[in-house]
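**Q** Sharing a structure, written as structure tokens. Questions coming.
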Amino acid sequence: MKKVFLSAALALAVAGSWAFYPKAAAEPAGYMMVVSNVPLLGSGITLNTFTSDGQRVETLVPFTKMRYRFTDLHSAEVLKLNQLRREGWRIISTSSIPTSTSDEGNIFSTETTYVLEKN
């Protein structure tokens with residue numbers, strides 16, 4: 001009887017300690033980028049999302065008037081970034097650069113890039 005009780009107690013202790021055994025960490029989701037591009041002349045405001053598996057989703061951003069296109073773009077950026085935040089992504093880096101200039105130094109388009117990582 002003592003052997004049965006001892007074996008059962010030992011089996012219970014092993015099973016209980018198995019619950020505290022470290023589990024393999026979930027694989028990181030990688031990084032995601034949201035890139036907005038607005039030409040200073042003309043139309044064609046775009047918001048590109050590059051997912052962690054390398055796929056690109058392009059969204060054309062409608063704007064109400066030419067002078068409000070930056071406001072409309074920023075509004076679309078905030079909506080997209082808030083959506084991604086609800087999905088568990090957080091911004092780790094932001095940059096804004098002119099992407100095309102003339103010989104005289106006039107800027108013709110700008111690009112803003114947000115790099116995100118999964119929480």
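Ordering of the structure tokens sets the chain letters (A, B, ...); residue numbers start at 1 within each chain; ligands are numbered from 1 in the order shown.
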With only C-alpha atoms as the counted atoms, please give the residues lying no more than 10 Å from Ser96 of chain A, apart from itself and same-chain residues fewer than 6 positions off, as a ChimeraX atom specification.

**A** /A:35-37,110-114

**Q** Name all residues at most 9 Å from Phe50 of chain A (count only C-alpha atoms; drop same-chain ones fewer than 4 positions away) and give them as JSON, numbers by chain.

**A** {"A": [31, 32, 33, 34, 35, 54, 55, 56, 57, 58]}

**Q** Write down as a PyMOL selection string the residues of segment 22-102 of chain A whose backbone DSSP state falls under alpha helix (DSSP H).

**A** chain A and resi 69-86

**Q** Mind dumping the selected residues with all heavy atoms as a compact mmCIF listing (two decimals), in the first residue's frame?

**A**
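This went into out.txt:
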# COMPACT_ATOMS: atom_id res chain seq x y z
N ARG A 69 -5.20 68.59 -48.63
CA ARG A 69 -4.74 67.22 -48.87
C ARG A 69 -3.82 66.70 -47.78
O ARG A 69 -3.88 65.52 -47.44
CB ARG A 69 -4.10 67.10 -50.23
CG ARG A 69 -2.87 67.90 -50.37
CD ARG A 69 -2.47 68.06 -51.78
NE ARG A 69 -1.58 69.20 -51.72
CZ ARG A 69 -0.74 69.53 -52.62
NH1 ARG A 69 -0.69 68.83 -53.70
NH2 ARG A 69 0.03 70.54 -52.48
N PHE A 70 -2.98 67.56 -47.17
CA PHE A 70 -2.14 67.09 -46.06
C PHE A 70 -3.00 66.75 -44.85
O PHE A 70 -2.75 65.77 -44.16
CB PHE A 70 -1.08 68.13 -45.69
CG PHE A 70 0.11 68.11 -46.60
CD1 PHE A 70 0.25 69.06 -47.58
CD2 PHE A 70 1.08 67.13 -46.47
CE1 PHE A 70 1.35 69.05 -48.42
CE2 PHE A 70 2.18 67.10 -47.30
CZ PHE A 70 2.32 68.07 -48.29
N THR A 71 -4.01 67.56 -44.59
CA THR A 71 -4.92 67.29 -43.47
C THR A 71 -5.66 65.98 -43.69
O THR A 71 -5.77 65.16 -42.77
CB THR A 71 -5.93 68.44 -43.32
OG1 THR A 71 -5.21 69.67 -43.17
CG2 THR A 71 -6.84 68.23 -42.13
N ASP A 72 -6.13 65.75 -44.91
CA ASP A 72 -6.83 64.51 -45.22
C ASP A 72 -5.88 63.30 -45.11
O ASP A 72 -6.27 62.24 -44.63
CB ASP A 72 -7.46 64.57 -46.60
CG ASP A 72 -8.57 65.60 -46.68
OD1 ASP A 72 -9.17 65.90 -45.62
OD2 ASP A 72 -8.83 66.10 -47.78
N LEU A 73 -4.63 63.48 -45.54
CA LEU A 73 -3.65 62.40 -45.44
C LEU A 73 -3.36 62.08 -43.97
O LEU A 73 -3.33 60.92 -43.58
CB LEU A 73 -2.36 62.77 -46.15
CG LEU A 73 -1.23 61.76 -45.98
CD1 LEU A 73 -1.59 60.44 -46.64
CD2 LEU A 73 0.07 62.29 -46.51
N HIS A 74 -3.15 63.11 -43.16
CA HIS A 74 -2.86 62.87 -41.74
C HIS A 74 -4.04 62.20 -41.05
O HIS A 74 -3.86 61.34 -40.18
CB HIS A 74 -2.51 64.18 -41.03
CG HIS A 74 -1.23 64.78 -41.53
ND1 HIS A 74 -0.10 64.05 -41.78
CD2 HIS A 74 -0.91 66.06 -41.82
CE1 HIS A 74 0.86 64.85 -42.22
NE2 HIS A 74 0.38 66.08 -42.25
N SER A 75 -5.24 62.56 -41.44
CA SER A 75 -6.43 61.91 -40.90
C SER A 75 -6.44 60.43 -41.25
O SER A 75 -6.73 59.58 -40.40
CB SER A 75 -7.67 62.61 -41.44
OG SER A 75 -8.81 62.09 -40.88
N ALA A 76 -6.12 60.09 -42.49
CA ALA A 76 -6.06 58.69 -42.92
C ALA A 76 -4.94 57.94 -42.18
O ALA A 76 -5.10 56.78 -41.81
CB ALA A 76 -5.85 58.61 -44.42
N GLU A 77 -3.80 58.61 -41.96
CA GLU A 77 -2.69 57.99 -41.22
C GLU A 77 -3.11 57.65 -39.79
O GLU A 77 -2.86 56.54 -39.31
CB GLU A 77 -1.48 58.92 -41.16
CG GLU A 77 -0.72 59.06 -42.45
CD GLU A 77 0.35 60.11 -42.37
OE1 GLU A 77 0.28 61.02 -41.51
OE2 GLU A 77 1.30 60.02 -43.16
N VAL A 78 -3.76 58.59 -39.13
CA VAL A 78 -4.18 58.37 -37.74
C VAL A 78 -5.19 57.23 -37.66
O VAL A 78 -5.11 56.38 -36.77
CB VAL A 78 -4.75 59.67 -37.13
CG1 VAL A 78 -5.47 59.40 -35.83
CG2 VAL A 78 -3.63 60.67 -36.91
N LEU A 79 -6.13 57.19 -38.59
CA LEU A 79 -7.10 56.09 -38.60
C LEU A 79 -6.41 54.74 -38.76
O LEU A 79 -6.72 53.78 -38.05
CB LEU A 79 -8.13 56.30 -39.72
CG LEU A 79 -9.15 57.40 -39.50
CD1 LEU A 79 -9.99 57.60 -40.76
CD2 LEU A 79 -10.04 57.07 -38.32
N LYS A 80 -5.45 54.66 -39.69
CA LYS A 80 -4.74 53.41 -39.94
C LYS A 80 -3.89 53.02 -38.73
O LYS A 80 -3.87 51.85 -38.30
CB LYS A 80 -3.86 53.53 -41.19
CG LYS A 80 -3.17 52.25 -41.57
CD LYS A 80 -4.21 51.20 -41.92
CE LYS A 80 -3.59 49.94 -42.44
NZ LYS A 80 -4.59 48.92 -42.72
N LEU A 81 -3.16 53.98 -38.15
CA LEU A 81 -2.29 53.69 -37.01
C LEU A 81 -3.11 53.28 -35.78
O LEU A 81 -2.70 52.40 -35.03
CB LEU A 81 -1.40 54.89 -36.71
CG LEU A 81 -0.35 55.20 -37.78
CD1 LEU A 81 0.34 56.51 -37.48
CD2 LEU A 81 0.66 54.06 -37.90
N ASN A 82 -4.27 53.90 -35.58
CA ASN A 82 -5.13 53.49 -34.46
C ASN A 82 -5.68 52.08 -34.67
O ASN A 82 -5.79 51.31 -33.72
CB ASN A 82 -6.28 54.48 -34.26
CG ASN A 82 -5.83 55.73 -33.55
OD1 ASN A 82 -4.88 55.71 -32.77
ND2 ASN A 82 -6.51 56.83 -33.81
N GLN A 83 -6.02 51.75 -35.91
CA GLN A 83 -6.49 50.39 -36.21
C GLN A 83 -5.39 49.38 -35.89
O GLN A 83 -5.64 48.35 -35.26
CB GLN A 83 -6.89 50.28 -37.67
CG GLN A 83 -7.23 48.86 -38.10
CD GLN A 83 -7.19 48.67 -39.60
OE1 GLN A 83 -7.12 49.63 -40.37
NE2 GLN A 83 -7.20 47.44 -40.04
N LEU A 84 -4.16 49.68 -36.32
CA LEU A 84 -3.05 48.75 -36.06
C LEU A 84 -2.72 48.67 -34.58
O LEU A 84 -2.34 47.61 -34.08
CB LEU A 84 -1.82 49.19 -36.87
CG LEU A 84 -1.97 49.06 -38.39
CD1 LEU A 84 -0.79 49.69 -39.10
CD2 LEU A 84 -2.14 47.61 -38.78
N ARG A 85 -2.89 49.76 -33.85
CA ARG A 85 -2.65 49.75 -32.41
C ARG A 85 -3.64 48.81 -31.71
O ARG A 85 -3.28 48.06 -30.81
CB ARG A 85 -2.77 51.15 -31.82
CG ARG A 85 -2.48 51.22 -30.35
CD ARG A 85 -2.56 52.67 -29.86
NE ARG A 85 -2.31 52.74 -28.46
CZ ARG A 85 -3.24 52.60 -27.51
NH1 ARG A 85 -4.49 52.38 -27.86
NH2 ARG A 85 -2.93 52.67 -26.24
N ARG A 86 -4.90 48.84 -32.16
CA ARG A 86 -5.89 47.93 -31.58
C ARG A 86 -5.56 46.47 -31.88
O ARG A 86 -5.96 45.58 -31.15
CB ARG A 86 -7.29 48.28 -32.12
CG ARG A 86 -7.88 49.53 -31.48
CD ARG A 86 -9.33 49.72 -31.89
NE ARG A 86 -9.53 49.96 -33.31
CZ ARG A 86 -9.45 51.13 -33.92
NH1 ARG A 86 -9.19 52.21 -33.22
NH2 ARG A 86 -9.65 51.24 -35.22

**Q** Do you have the atom CA of Val115 of chain A-atom CA of Thr94 of chain A distance handy?

**A**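 Between atom CA of Val115 of chain A and atom CA of Thr94 of chain A the gap works out to 6.4 Å.
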
**Q** Tell me which protein, DNA and RNA residues are within 9 Å of Thr59 of chain A, counting only C-alpha atoms, leaving out same-chain ones fewer than 5 positions away, and put them as number ranges by chain.

**A** A: 45-49

**Q** If you keep C-alpha atoms, can you produce a file of those selected residues as a PDB file, in the first residue's frame?

**A**
ATOM      1  CA  ILE A  45      -2.043  60.684 -52.301  1.00  0.00           C
ATOM      2  CA  THR A  46      -1.291  57.102 -51.234  1.00  0.00           C
ATOM      3  CA  LEU A  47      -1.054  55.217 -47.963  1.00  0.00           C
ATOM      4  CA  ASN A  48       0.888  51.938 -48.309  1.00  0.00           C
ATOM      5  CA  THR A  49       0.898  49.273 -45.615  1.00  0.00           C
TER       6      THR A  49
END
